[in-house]
file entry23.txt (compact mmCIF, C-alpha atoms)
# COMPACT_ATOMS: atom_id res chain seq x y z
CA MET A 29 0.00 0.00 0.00
CA ASN A 30 3.06 2.28 0.31
CA TYR A 31 2.97 2.86 -3.40
CA PHE A 32 -0.67 3.92 -3.13
CA LYS A 33 0.07 6.36 -0.28
CA ILE A 34 2.88 7.93 -2.24
CA LEU A 35 0.57 8.27 -5.20
CA ILE A 36 -2.09 10.02 -3.11
CA LEU A 37 0.54 12.36 -1.72
CA ALA A 38 1.72 13.14 -5.25
CA VAL A 39 -1.83 13.82 -6.33
CA CYS A 40 -2.39 16.12 -3.38
CA LEU A 41 0.79 18.03 -4.14
CA PHE A 42 -0.13 18.29 -7.78
CA SER A 43 -3.57 19.48 -6.83
CA SER A 44 -2.03 22.25 -4.78
CA SER A 45 -1.57 23.98 -8.08
CA LEU A 46 -5.26 24.69 -7.72
CA PHE A 47 -4.24 27.74 -5.73
CA SER A 48 -1.69 29.05 -8.16
CA GLN A 49 -2.36 32.33 -9.96
CA THR A 50 -2.51 33.00 -13.62
CA THR A 51 -1.97 36.42 -15.07
CA GLY A 52 -1.97 38.23 -18.37
CA ASN A 53 -1.79 41.80 -19.50
CA ARG A 54 -2.52 44.40 -22.14
CA THR A 55 -0.93 47.79 -22.39
CA VAL A 56 -2.30 51.32 -22.29
CA GLY A 57 -0.34 54.16 -23.78
CA ILE A 58 -0.75 57.90 -24.02
CA THR A 59 1.41 60.60 -25.52
CA LEU A 60 1.09 64.11 -24.18
CA PRO A 61 2.47 66.62 -26.69
CA VAL A 62 3.99 70.03 -26.24
CA VAL A 63 1.28 72.69 -26.25
CA THR A 64 1.81 76.43 -26.61
CA LEU A 65 -1.34 78.45 -27.15
CA MET A 66 -2.20 82.01 -26.18
CA ASP A 67 -4.83 84.52 -27.14
CA ILE A 68 -6.47 87.70 -25.94
CA GLU A 69 -10.10 87.67 -24.87
CA PRO A 70 -12.54 89.06 -25.68
CA ALA A 71 -11.80 89.83 -29.31
CA GLY A 72 -12.10 93.35 -30.64
CA ASN A 73 -10.40 96.69 -30.46
CA ILE A 74 -10.42 99.12 -27.59
CA THR A 75 -10.56 102.87 -27.91
CA MET A 76 -8.85 105.24 -25.53
CA ASN A 77 -9.07 108.98 -26.04
CA PHE A 78 -7.40 111.87 -24.33
CA THR A 79 -9.69 114.73 -23.45
CA ALA A 80 -8.69 118.32 -23.99
CA PRO A 81 -8.72 120.48 -20.87
CA THR A 82 -11.40 123.12 -20.65
CA ASP A 83 -9.33 125.52 -18.71
CA ALA A 84 -6.17 127.09 -20.00
CA GLY A 85 -3.08 125.90 -18.25
CA ARG A 86 -4.42 122.51 -17.28
CA PRO A 87 -2.97 119.22 -18.60
CA LEU A 88 -4.57 116.78 -20.97
CA ILE A 89 -7.04 114.48 -19.29
CA ALA A 90 -5.87 110.93 -19.74
CA PRO A 91 -8.41 108.20 -20.51
CA ALA A 92 -9.38 105.76 -17.81
CA SER A 93 -7.32 102.60 -17.72
CA ASN A 94 -8.72 99.80 -19.82
CA THR A 95 -9.10 96.47 -18.04
CA SER A 96 -11.35 94.68 -20.50
CA LYS A 97 -8.79 92.29 -21.96
CA TRP A 98 -7.58 88.98 -20.62
CA ILE A 99 -4.66 86.81 -21.60
CA ASN A 100 -5.61 83.14 -21.91
CA TYR A 101 -3.04 80.45 -22.44
CA THR A 102 -2.49 76.73 -22.48
CA SER A 103 1.00 75.48 -21.92
CA ALA A 104 2.37 71.96 -21.67
CA ILE A 105 6.08 71.43 -21.19
CA ALA A 106 8.36 68.52 -20.51
CA SER A 107 9.51 67.76 -17.02
CA GLY A 108 12.34 70.16 -16.24
CA GLY A 109 11.72 71.96 -19.53
CA THR A 110 12.10 75.66 -20.09
CA THR A 111 9.19 77.73 -18.85
CA ARG A 112 7.40 80.14 -21.14
CA ARG A 113 6.98 83.88 -21.03
CA ILE A 114 4.70 86.36 -22.72
CA THR A 115 5.99 89.50 -24.31
CA ALA A 116 4.22 92.57 -25.61
CA SER A 117 5.17 95.24 -28.07
CA VAL A 118 3.47 97.92 -30.16
CA ASN A 119 3.74 98.57 -33.87
CA GLN A 120 4.33 102.25 -33.30
CA VAL A 121 4.96 104.65 -30.48
CA ILE A 122 2.93 107.85 -30.34
CA PRO A 123 5.28 110.71 -29.64
CA GLY A 124 4.64 112.21 -26.25
CA VAL A 125 2.39 109.36 -25.10
CA ASN A 126 3.19 106.43 -22.86
CA ILE A 127 1.25 103.23 -23.25
CA ARG A 128 1.72 101.22 -20.11
CA LEU A 129 0.70 97.65 -19.58
CA GLN A 130 0.37 95.57 -16.45
CA ALA A 131 -0.79 91.96 -16.25
CA SER A 132 -2.50 90.73 -13.09
CA THR A 133 -2.03 87.37 -11.42
CA ALA A 134 -3.92 84.54 -13.10
CA SER A 135 -7.35 83.33 -12.14
CA GLY A 136 -9.21 80.22 -13.25
CA GLY A 137 -7.65 77.08 -14.67
CA ALA A 138 -4.83 75.20 -12.97
CA GLY A 139 -1.15 74.51 -13.14
CA VAL A 140 1.99 76.56 -12.92
CA PHE A 141 0.88 80.04 -13.94
CA GLY A 142 3.23 82.76 -14.99
CA THR A 143 4.25 85.60 -12.74
CA PRO A 144 3.36 89.11 -13.93
CA ASN A 145 6.25 91.49 -14.30
CA ALA A 146 6.15 95.08 -13.18
CA THR A 147 4.34 97.59 -15.35
CA VAL A 148 6.07 98.09 -18.65
CA THR A 149 5.94 101.03 -21.01
CA LEU A 150 5.34 99.49 -24.38
CA SER A 151 7.69 100.10 -27.25
CA THR A 152 8.38 98.48 -30.58
CA THR A 153 10.76 96.14 -28.79
CA ALA A 154 9.10 93.14 -27.17
CA GLN A 155 9.16 93.22 -23.39
CA THR A 156 8.31 90.45 -21.01
CA ILE A 157 5.06 91.01 -19.17
CA ILE A 158 4.55 87.48 -17.73
CA SER A 159 7.25 84.91 -17.05
CA GLY A 160 7.67 81.43 -15.58
CA ILE A 161 4.72 79.72 -17.26
CA GLY A 162 4.89 75.97 -16.74
CA GLY A 163 2.28 73.35 -17.47
CA ALA A 164 -0.94 75.29 -17.10
CA PHE A 165 -4.24 76.30 -18.59
CA THR A 166 -6.07 79.47 -17.61
CA GLY A 167 -9.56 78.73 -18.81
CA ASN A 168 -11.04 80.34 -21.87
CA GLY A 169 -12.61 83.77 -22.26
CA SER A 170 -13.04 86.82 -20.11
CA ASN A 171 -12.44 86.52 -16.39
CA ASN A 172 -9.95 83.72 -17.01
CA GLY A 173 -6.21 84.10 -17.08
CA HIS A 174 -4.38 87.35 -16.57
CA ARG A 175 -6.35 90.58 -16.69
CA ILE A 176 -4.50 93.29 -18.60
CA THR A 177 -4.52 96.87 -17.51
CA ILE A 178 -3.60 99.36 -20.23
CA THR A 179 -2.95 102.92 -19.26
CA LEU A 180 -2.23 105.93 -21.44
CA SER A 181 -0.47 109.01 -20.20
CA ALA A 182 1.24 112.01 -21.67
CA ASN A 183 4.94 112.17 -21.11
CA THR A 184 6.60 114.94 -23.06
CA TYR A 185 4.15 117.65 -23.98
CA ALA A 186 6.60 119.09 -26.46
CA SER A 187 6.26 115.90 -28.49
CA LEU A 188 2.48 115.82 -28.52
CA SER A 189 0.53 116.61 -31.63
CA ALA A 190 -3.16 116.51 -32.33
CA ARG A 191 -4.21 113.32 -34.05
CA THR A 192 -7.31 111.25 -34.61
CA ASN A 193 -7.84 107.53 -34.97
CA THR A 194 -4.28 106.48 -34.50
CA PRO A 195 -4.33 102.71 -34.38
CA VAL A 196 -1.72 101.10 -32.19
CA VAL A 197 -1.43 97.35 -32.46
CA ILE A 198 -0.24 95.55 -29.35
CA THR A 199 1.36 92.24 -30.21
CA TYR A 200 1.50 89.55 -27.54
CA THR A 201 3.81 86.58 -28.02
CA ILE A 202 4.26 83.48 -25.92
CA THR A 203 7.76 82.11 -26.16
CA GLU A 204 10.34 80.12 -24.27
CA MET B 16 -4.35 -12.39 -5.16
CA LYS B 17 -1.16 -10.36 -5.49
CA ILE B 18 -1.92 -9.70 -9.16
CA LYS B 19 -5.43 -8.51 -8.29
CA THR B 20 -4.02 -6.06 -5.74
CA ARG B 21 -1.58 -4.67 -8.27
CA LEU B 22 -4.35 -4.30 -10.83
CA LEU B 23 -6.44 -2.45 -8.28
CA LYS B 24 -3.56 -0.06 -7.50
CA TYR B 25 -3.01 0.51 -11.19
CA PHE B 26 -6.68 1.22 -11.71
CA CYS B 27 -6.80 3.64 -8.77
CA SER B 28 -3.70 5.38 -10.07
CA ILE B 29 -5.27 5.97 -13.43
CA ILE B 30 -8.45 7.30 -11.82
CA LEU B 31 -6.58 9.66 -9.52
CA LEU B 32 -4.30 10.99 -12.20
CA GLY B 33 -7.21 11.45 -14.55
CA PHE B 34 -9.20 13.25 -11.89
CA THR B 35 -6.25 15.49 -11.15
CA THR B 36 -6.03 16.41 -14.78
CA ILE B 37 -9.71 17.26 -14.87
CA ILE B 38 -9.53 19.47 -11.83
CA LYS B 39 -6.69 21.52 -13.22
CA SER B 40 -6.07 24.97 -11.68
CA GLN B 41 -7.93 28.11 -12.67
CA THR B 42 -6.66 29.82 -15.74
CA LEU B 43 -6.86 33.28 -17.21
CA THR B 44 -6.12 34.33 -20.74
CA VAL B 45 -5.98 38.00 -21.65
CA GLY B 46 -6.98 38.87 -25.19
CA GLY B 47 -8.21 41.91 -27.04
CA THR B 48 -5.93 44.72 -28.07
CA ASN B 49 -3.60 47.20 -26.48
CA TRP B 50 -5.10 50.63 -26.03
CA THR B 51 -3.47 53.74 -27.35
CA VAL B 52 -5.41 56.64 -25.94
CA PRO B 53 -6.43 59.06 -28.71
CA ILE B 54 -5.77 62.60 -27.54
CA ALA B 55 -7.51 65.29 -29.55
CA PRO B 56 -5.29 68.37 -29.82
CA ILE B 57 -6.25 71.50 -27.92
CA THR B 58 -7.24 74.21 -30.37
CA GLU B 59 -8.32 77.03 -28.07
CA ALA B 60 -5.95 78.85 -25.74
CA GLY B 61 -6.95 78.48 -22.14
CA ASN B 62 -8.53 75.08 -22.56
CA ASN B 63 -7.36 71.79 -21.13
CA TYR B 64 -7.81 68.27 -22.42
CA SER B 65 -11.22 66.75 -21.94
CA GLY B 66 -9.59 64.83 -19.11
CA THR B 67 -11.37 61.47 -19.31
CA TYR B 68 -11.12 58.91 -22.06
CA GLU B 69 -12.75 55.51 -22.50
CA SER B 70 -11.57 52.57 -24.51
CA ALA B 71 -13.86 50.41 -26.60
CA ALA B 72 -16.30 48.43 -24.48
CA ASN B 73 -14.55 45.23 -25.50
CA GLN B 74 -10.99 46.55 -25.57
CA ILE B 75 -9.81 43.64 -23.47
CA LEU B 76 -11.30 40.15 -23.62
CA LEU B 77 -10.69 37.77 -20.77
CA ALA B 78 -11.09 34.01 -20.80
CA ALA B 79 -11.24 32.48 -17.36
CA SER B 80 -11.90 29.02 -16.02
CA VAL B 81 -12.48 27.94 -12.48
CA PRO B 82 -12.44 24.24 -11.51
CA LEU B 83 -15.42 22.84 -9.69
CA LEU B 84 -13.39 21.86 -6.65
CA LEU B 85 -12.12 25.39 -6.26
CA GLY B 86 -15.64 26.80 -6.40
CA ASN B 87 -14.84 30.50 -6.42
CA ALA B 88 -12.16 32.62 -7.91
CA LYS B 89 -11.54 36.32 -8.25
CA VAL B 90 -10.03 38.31 -11.08
CA SER B 91 -7.92 41.23 -9.92
CA VAL B 92 -6.38 44.08 -11.82
CA HIS B 93 -3.45 46.40 -11.34
CA TYR B 94 -1.01 48.28 -13.53
CA GLU B 95 2.73 48.25 -13.93
CA PRO B 96 4.53 51.25 -15.44
CA ASN B 97 6.15 50.20 -18.69
CA PRO B 98 8.51 51.92 -18.39
CA ALA B 99 7.00 55.22 -17.25
CA TRP B 100 3.63 56.31 -15.95
CA HIS B 101 2.48 59.41 -14.11
CA ASN B 102 0.55 59.36 -10.87
CA SER B 103 -1.89 61.96 -12.15
CA LEU B 104 -3.06 59.54 -14.84
CA LEU B 105 -5.81 57.48 -13.25
CA LEU B 106 -6.91 54.13 -14.59
CA ALA B 107 -10.19 52.32 -14.01
CA ALA B 108 -11.71 49.18 -15.47
CA LYS B 109 -15.15 47.68 -15.70
CA ARG B 110 -16.73 44.52 -17.02
CA THR B 111 -19.19 45.38 -19.78
CA GLY B 112 -20.58 41.88 -20.22
CA ASN B 113 -20.58 38.33 -18.94
CA GLY B 114 -18.82 36.74 -21.84
CA THR B 115 -19.95 33.28 -22.87
CA THR B 116 -20.09 30.02 -20.96
CA LEU B 117 -21.66 26.60 -21.25
CA CYS B 118 -22.12 26.36 -17.50
CA VAL B 119 -25.74 27.24 -16.80
CA LEU B 120 -25.45 27.52 -13.03
CA CYS B 121 -22.10 29.27 -12.86
CA THR B 122 -22.10 32.95 -12.02
CA ILE B 123 -19.92 35.92 -12.71
CA THR B 124 -20.44 38.94 -10.43
CA GLY B 125 -19.07 42.38 -9.75
CA GLY B 126 -17.01 44.84 -11.71
CA THR B 127 -19.83 46.33 -13.76
CA THR B 128 -18.99 49.90 -12.73
CA TYR B 129 -15.62 51.55 -13.14
CA LEU B 130 -13.19 50.37 -10.53
CA PRO B 131 -10.12 52.58 -10.08
CA PHE B 132 -6.94 50.58 -9.82
CA THR B 133 -3.36 51.38 -8.96
CA GLN B 134 -0.18 49.36 -8.77
CA THR B 135 -1.79 47.34 -6.00
CA ALA B 136 -4.15 44.65 -7.24
CA VAL B 137 -7.85 45.10 -6.53
CA GLU B 138 -10.63 42.61 -7.13
CA LEU B 139 -12.57 43.34 -10.30
CA PHE B 140 -15.05 40.45 -10.38
CA ARG B 141 -15.70 36.92 -9.18
CA ILE B 142 -16.56 33.67 -10.86
CA GLN B 143 -18.38 30.86 -9.10
CA ALA B 144 -18.33 27.33 -10.40
CA VAL B 145 -21.46 25.31 -9.66
CA LEU B 146 -21.60 21.60 -10.51
CA ALA B 147 -19.22 22.05 -13.40
CA LEU B 148 -16.05 23.68 -14.57
CA ALA B 149 -16.83 27.40 -14.88
CA SER B 150 -15.26 28.39 -18.14
CA TYR B 151 -15.97 31.86 -19.44
CA SER B 152 -14.63 33.31 -22.63
CA ASN B 153 -14.73 36.78 -24.16
CA ILE B 154 -15.46 38.61 -20.94
CA PRO B 155 -15.34 42.21 -22.21
CA ILE B 156 -13.39 44.78 -20.22
CA GLN B 157 -13.48 48.53 -20.79
CA ILE B 158 -10.72 50.83 -19.60
CA GLN B 159 -11.06 54.44 -18.51
CA LEU B 160 -8.24 56.93 -18.27
CA SER B 161 -8.80 60.17 -16.38
CA GLY B 162 -6.65 62.98 -15.08
CA VAL B 163 -5.24 63.84 -18.48
CA SER B 164 -4.08 67.44 -18.30
CA VAL B 165 -1.53 69.86 -19.69
CA THR B 166 -0.26 70.14 -16.14
CA THR B 167 1.18 66.65 -16.54
CA PRO B 168 4.69 66.82 -17.98
CA VAL B 169 4.93 66.24 -21.70
CA ALA B 170 6.00 62.64 -22.38
CA SER B 171 4.85 59.26 -23.59
CA TYR B 172 3.42 57.15 -20.83
CA ASN B 173 2.80 53.43 -20.95
CA SER B 174 1.58 50.85 -18.51
CA ARG B 175 0.77 47.18 -18.48
CA ILE B 176 -2.71 46.43 -17.20
CA VAL B 177 -2.28 43.14 -15.43
CA PHE B 178 -5.18 40.79 -14.74
CA THR B 179 -4.76 37.98 -12.24
CA ILE B 180 -7.07 35.13 -11.32
CA SER B 181 -6.77 33.51 -7.94
CA GLY B 182 -8.77 31.38 -5.55
CA LEU B 183 -10.81 32.94 -2.80
call {"tool": "encode", "arguments": {"input": "entry23.txt", "output": "structure tokens"}}
result
Amino acid sequence: MNYFKILILAVCLFSSSLFSQTTGNRTVGITLPVVTLMDIEPAGNITMNFTAPTDAGRPLIAPASNTSKWINYTSAIASGGTTRRITASVNQVIPGVNIRLQASTASGGAGVFGTPNATVTLSTTAQTIISGIGGAFTGNGSNNGHRITITLSANTYASLSARTNTPVVITYTITE
Amino acid sequence: MKIKTRLLKYFCSIILLGFTTIIKSQTLTVGGTNWTVPIAPITEAGNNYSGTYESAANQILLAASVPLLLGNAKVSVHYEPNPAWHNSLLLAAKRTGNGTTLCVLCTITGGTTYLPFTQTAVELFRIQAVLALASYSNIPIQIQLSGVSVTTPVASYNSRIVFTISGL
């Protein structure tokens, strides 16, 4: 009967494979690309007019600051990659007039937003207005992203001249 | 008499070995196709990705068998970065059907709603064998990926979704 006992033991051991595990797999893959998008919301031009003084000897009355525009952006960068910045410039400078621009801190969205620089006086040379943008999205449309404050002021009266409908194009660029 | 005893042993041996073969361990075969998540490009500044993506309802097809003597088994799921994955990318799986089986009384339960899974295995569903070998084929599995965002570093991410069957 020893042979039979050994056989039963062997069967029991073999049956222990009942509790073994079996596995298999399939893969899932995703590629996240570099994204660099920026625009100004809402669309459309803004008009800012100086007002002539009504009393001799008084200065020009500057227009109220315009805060209707927002910078929206979507940025995706590689880990440890170079952050982005946004620059602004104008196509022409009006003699005797300063056009100043200040971006606010971002609202809406998520991620590593850029940090607004100090107020810049726009010129035909691009100047950084927001820097340090990482992987982030601001949300789309007004009240999302960085609110822009544009202020006009007279600087050198000697350079001023009467003019009407002088279009000044502000160009915003997002770059590394 | 001695010959009869030997014949009896031989007969018993055949029966036992045959029975052992019949009651083989539970098995799991993973079929279907690998899933490459289609990411639609962002076209509007300020927007993010839609965030959540679903595979086809039958992206993965499982074939599982549970021996009668074992009775119950569970199928678990986890992922293994292959080679890189990001913690913000969240995976979930669900069973979108029962598959097919010839066992009338056998049951397959659980896993019909999305179950998030990580690198630690979690039970997705169970199979119960009743009066027969519970053999299911083409059990459809759907995968969900969420947490896709531009805030996740740009890269290609891949993982193995590992299914495991084991006794309860």
call {"tool": "closest_residue", "arguments": {"input": "entry23.txt", "among": "B:Thr44, B:Thr122, B:Thr111, B:Asn102", "to": "B:Leu146", "atoms": "only C-alpha atoms"}}
result
B:Thr122
call {"tool": "residues_around", "arguments": {"input": "entry23.txt", "residues": "stretch 125-135 of chain A", "least_positions_apart": "3", "cutoff": "8 Å", "atoms": "only C-alpha atoms", "output": "PDB file with C-alpha atoms, keeping the file's coordinate frame"}}
result
ATOM      1  CA  VAL A 121       4.960 104.650 -30.480  1.00  0.00           C
ATOM      2  CA  ILE A 122       2.930 107.850 -30.340  1.00  0.00           C
ATOM      3  CA  PHE A 141       0.880  80.040 -13.940  1.00  0.00           C
ATOM      4  CA  GLY A 142       3.230  82.760 -14.990  1.00  0.00           C
ATOM      5  CA  THR A 143       4.250  85.600 -12.740  1.00  0.00           C
ATOM      6  CA  PRO A 144       3.360  89.110 -13.930  1.00  0.00           C
ATOM      7  CA  ASN A 145       6.250  91.490 -14.300  1.00  0.00           C
ATOM      8  CA  ALA A 146       6.150  95.080 -13.180  1.00  0.00           C
ATOM      9  CA  THR A 147       4.340  97.590 -15.350  1.00  0.00           C
ATOM     10  CA  VAL A 148       6.070  98.090 -18.650  1.00  0.00           C
ATOM     11  CA  THR A 149       5.940 101.030 -21.010  1.00  0.00           C
ATOM     12  CA  LEU A 150       5.340  99.490 -24.380  1.00  0.00           C
ATOM     13  CA  ILE A 157       5.060  91.010 -19.170  1.00  0.00           C
ATOM     14  CA  ILE A 158       4.550  87.480 -17.730  1.00  0.00           C
ATOM     15  CA  THR A 166      -6.070  79.470 -17.610  1.00  0.00           C
ATOM     16  CA  ASN A 171     -12.440  86.520 -16.390  1.00  0.00           C
ATOM     17  CA  ASN A 172      -9.950  83.720 -17.010  1.00  0.00           C
ATOM     18  CA  GLY A 173      -6.210  84.100 -17.080  1.00  0.00           C
ATOM     19  CA  HIS A 174      -4.380  87.350 -16.570  1.00  0.00           C
ATOM     20  CA  ARG A 175      -6.350  90.580 -16.690  1.00  0.00           C
ATOM     21  CA  ILE A 176      -4.500  93.290 -18.600  1.00  0.00           C
ATOM     22  CA  THR A 177      -4.520  96.870 -17.510  1.00  0.00           C
ATOM     23  CA  ILE A 178      -3.600  99.360 -20.230  1.00  0.00           C
ATOM     24  CA  THR A 179      -2.950 102.920 -19.260  1.00  0.00           C
ATOM     25  CA  LEU A 180      -2.230 105.930 -21.440  1.00  0.00           C
ATOM     26  CA  SER A 181      -0.470 109.010 -20.200  1.00  0.00           C
ATOM     27  CA  ALA A 182       1.240 112.010 -21.670  1.00  0.00           C
ATOM     28  CA  ASN A 183       4.940 112.170 -21.110  1.00  0.00           C
ATOM     29  CA  THR A 184       6.600 114.940 -23.060  1.00  0.00           C
ATOM     30  CA  LEU A 188       2.480 115.820 -28.520  1.00  0.00           C
TER      31      LEU A 188
END
call {"tool": "closest_residue", "arguments": {"input": "entry23.txt", "among": "A:Ala90, A:Ile74, A:Ile161, A:Ala138", "to": "chain B", "atoms": "only C-alpha atoms"}}
result
A:Ala138
call {"tool": "atom_distance", "arguments": {"input": "entry23.txt", "atom1": "atom CA of A:Thr79", "atom2": "atom CA of A:Ala92"}}
result
10.6 Å
call {"tool": "closest_atom_pairs", "arguments": {"input": "entry23.txt", "of": "chain B", "to": "chain A", "cutoff": "8 Å", "atoms": "all atoms listed in the file", "output": "CSV"}}
result
residue,atom,partner,partner_atom,distance
B:Lys24,CA,A:Phe32,CA,6.6
B:Ser28,CA,A:Leu35,CA,7.1
B:Leu31,CA,A:Val39,CA,7.1
B:Leu32,CA,A:Val39,CA,7.0
B:Thr35,CA,A:Ser43,CA,6.5
B:Ile38,CA,A:Ser43,CA,7.8
B:Lys39,CA,A:Leu46,CA,6.5
B:Ser40,CA,A:Leu46,CA,4.1
B:Gln41,CA,A:Leu46,CA,6.6
B:Thr42,CA,A:Thr50,CA,5.6
B:Leu43,CA,A:Thr50,CA,5.6
B:Thr44,CA,A:Gly52,CA,6.2
B:Val45,CA,A:Gly52,CA,5.2
B:Gly46,CA,A:Arg54,CA,7.7
B:Gly47,CA,A:Arg54,CA,7.9
B:Thr48,CA,A:Arg54,CA,6.8
B:Asn49,CA,A:Thr55,CA,4.9
B:Trp50,CA,A:Val56,CA,4.7
B:Thr51,CA,A:Gly57,CA,4.8
B:Val52,CA,A:Ile58,CA,5.2
B:Pro53,CA,A:Ile58,CA,7.5
B:Ile54,CA,A:Thr59,CA,7.7
B:Ile57,CA,A:Val63,CA,7.8
B:Thr58,CA,A:Leu65,CA,7.9
B:Glu59,CA,A:Leu65,CA,7.2
B:Ala60,CA,A:Tyr101,CA,4.7
B:Gly61,CA,A:Gly167,CA,4.2
B:Asn62,CA,A:Gly167,CA,5.3
B:Asn63,CA,A:Phe165,CA,6.0
B:Ile75,CA,A:Arg54,CA,7.4
B:Leu85,CA,A:Leu46,CA,7.0
B:Val165,CA,A:Ala104,CA,4.9
B:Thr166,CA,A:Gly163,CA,4.3
B:Thr167,CA,A:Gly163,CA,6.9
B:Pro168,CA,A:Ala106,CA,4.8
B:Val169,CA,A:Ala106,CA,4.3
B:Ala170,CA,A:Leu60,CA,5.4
B:Ser171,CA,A:Thr59,CA,4.2
B:Tyr172,CA,A:Ile58,CA,5.3
B:Asn173,CA,A:Gly57,CA,4.3
B:Ser174,CA,A:Val56,CA,5.4
B:Arg175,CA,A:Thr55,CA,4.3
B:Ile176,CA,A:Asn53,CA,5.3
B:Val177,CA,A:Asn53,CA,4.3
B:Phe178,CA,A:Thr51,CA,5.4
B:Thr179,CA,A:Thr51,CA,4.3
B:Ile180,CA,A:Thr50,CA,5.5
B:Ser181,CA,A:Gln49,CA,5.0
B:Gly182,CA,A:Phe47,CA,5.8
call {"tool": "write_last_selection", "arguments": {"input": "entry23.txt", "atoms": "C-alpha atoms", "output": "PDB file, in the coordinates of the input"}}
result
ATOM      1  CA  LYS B  24      -3.560  -0.060  -7.500  1.00  0.00           C
ATOM      2  CA  SER B  28      -3.700   5.380 -10.070  1.00  0.00           C
ATOM      3  CA  LEU B  31      -6.580   9.660  -9.520  1.00  0.00           C
ATOM      4  CA  LEU B  32      -4.300  10.990 -12.200  1.00  0.00           C
ATOM      5  CA  THR B  35      -6.250  15.490 -11.150  1.00  0.00           C
ATOM      6  CA  ILE B  38      -9.530  19.470 -11.830  1.00  0.00           C
ATOM      7  CA  LYS B  39      -6.690  21.520 -13.220  1.00  0.00           C
ATOM      8  CA  SER B  40      -6.070  24.970 -11.680  1.00  0.00           C
ATOM      9  CA  GLN B  41      -7.930  28.110 -12.670  1.00  0.00           C
ATOM     10  CA  THR B  42      -6.660  29.820 -15.740  1.00  0.00           C
ATOM     11  CA  LEU B  43      -6.860  33.280 -17.210  1.00  0.00           C
ATOM     12  CA  THR B  44      -6.120  34.330 -20.740  1.00  0.00           C
ATOM     13  CA  VAL B  45      -5.980  38.000 -21.650  1.00  0.00           C
ATOM     14  CA  GLY B  46      -6.980  38.870 -25.190  1.00  0.00           C
ATOM     15  CA  GLY B  47      -8.210  41.910 -27.040  1.00  0.00           C
ATOM     16  CA  THR B  48      -5.930  44.720 -28.070  1.00  0.00           C
ATOM     17  CA  ASN B  49      -3.600  47.200 -26.480  1.00  0.00           C
ATOM     18  CA  TRP B  50      -5.100  50.630 -26.030  1.00  0.00           C
ATOM     19  CA  THR B  51      -3.470  53.740 -27.350  1.00  0.00           C
ATOM     20  CA  VAL B  52      -5.410  56.640 -25.940  1.00  0.00           C
ATOM     21  CA  PRO B  53      -6.430  59.060 -28.710  1.00  0.00           C
ATOM     22  CA  ILE B  54      -5.770  62.600 -27.540  1.00  0.00           C
ATOM     23  CA  ILE B  57      -6.250  71.500 -27.920  1.00  0.00           C
ATOM     24  CA  THR B  58      -7.240  74.210 -30.370  1.00  0.00           C
ATOM     25  CA  GLU B  59      -8.320  77.030 -28.070  1.00  0.00           C
ATOM     26  CA  ALA B  60      -5.950  78.850 -25.740  1.00  0.00           C
ATOM     27  CA  GLY B  61      -6.950  78.480 -22.140  1.00  0.00           C
ATOM     28  CA  ASN B  62      -8.530  75.080 -22.560  1.00  0.00           C
ATOM     29  CA  ASN B  63      -7.360  71.790 -21.130  1.00  0.00           C
ATOM     30  CA  ILE B  75      -9.810  43.640 -23.470  1.00  0.00           C
ATOM     31  CA  LEU B  85     -12.120  25.390  -6.260  1.00  0.00           C
ATOM     32  CA  VAL B 165      -1.530  69.860 -19.690  1.00  0.00           C
ATOM     33  CA  THR B 166      -0.260  70.140 -16.140  1.00  0.00           C
ATOM     34  CA  THR B 167       1.180  66.650 -16.540  1.00  0.00           C
ATOM     35  CA  PRO B 168       4.690  66.820 -17.980  1.00  0.00           C
ATOM     36  CA  VAL B 169       4.930  66.240 -21.700  1.00  0.00           C
ATOM     37  CA  ALA B 170       6.000  62.640 -22.380  1.00  0.00           C
ATOM     38  CA  SER B 171       4.850  59.260 -23.590  1.00  0.00           C
ATOM     39  CA  TYR B 172       3.420  57.150 -20.830  1.00  0.00           C
ATOM     40  CA  ASN B 173       2.800  53.430 -20.950  1.00  0.00           C
ATOM     41  CA  SER B 174       1.580  50.850 -18.510  1.00  0.00           C
ATOM     42  CA  ARG B 175       0.770  47.180 -18.480  1.00  0.00           C
ATOM     43  CA  ILE B 176      -2.710  46.430 -17.200  1.00  0.00           C
ATOM     44  CA  VAL B 177      -2.280  43.140 -15.430  1.00  0.00           C
ATOM     45  CA  PHE B 178      -5.180  40.790 -14.740  1.00  0.00           C
ATOM     46  CA  THR B 179      -4.760  37.980 -12.240  1.00  0.00           C
ATOM     47  CA  ILE B 180      -7.070  35.130 -11.320  1.00  0.00           C
ATOM     48  CA  SER B 181      -6.770  33.510  -7.940  1.00  0.00           C
ATOM     49  CA  GLY B 182      -8.770  31.380  -5.550  1.00  0.00           C
TER      50      GLY B 182
END
call {"tool": "residues_around", "arguments": {"input": "entry23.txt", "residues": "B:Val145", "least_positions_apart": "2", "cutoff": "10 Å", "atoms": "only C-alpha atoms", "output": "mmCIF file with C-alpha atoms, keeping the file's coordinate frame"}}
result
data_model
loop_
_atom_site.group_PDB
_atom_site.id
_atom_site.type_symbol
_atom_site.label_atom_id
_atom_site.label_comp_id
_atom_site.auth_asym_id
_atom_site.auth_seq_id
_atom_site.Cartn_x
_atom_site.Cartn_y
_atom_site.Cartn_z
ATOM 1 C CA VAL B 81 -12.480 27.940 -12.480
ATOM 2 C CA PRO B 82 -12.440 24.240 -11.510
ATOM 3 C CA LEU B 83 -15.420 22.840 -9.690
ATOM 4 C CA LEU B 84 -13.390 21.860 -6.650
ATOM 5 C CA LEU B 85 -12.120 25.390 -6.260
ATOM 6 C CA GLY B 86 -15.640 26.800 -6.400
ATOM 7 C CA ASN B 87 -14.840 30.500 -6.420
ATOM 8 C CA CYS B 118 -22.120 26.360 -17.500
ATOM 9 C CA VAL B 119 -25.740 27.240 -16.800
ATOM 10 C CA LEU B 120 -25.450 27.520 -13.030
ATOM 11 C CA CYS B 121 -22.100 29.270 -12.860
ATOM 12 C CA THR B 122 -22.100 32.950 -12.020
ATOM 13 C CA ILE B 142 -16.560 33.670 -10.860
ATOM 14 C CA GLN B 143 -18.380 30.860 -9.100
ATOM 15 C CA ALA B 147 -19.220 22.050 -13.400
ATOM 16 C CA LEU B 148 -16.050 23.680 -14.570
ATOM 17 C CA ALA B 149 -16.830 27.400 -14.880
#
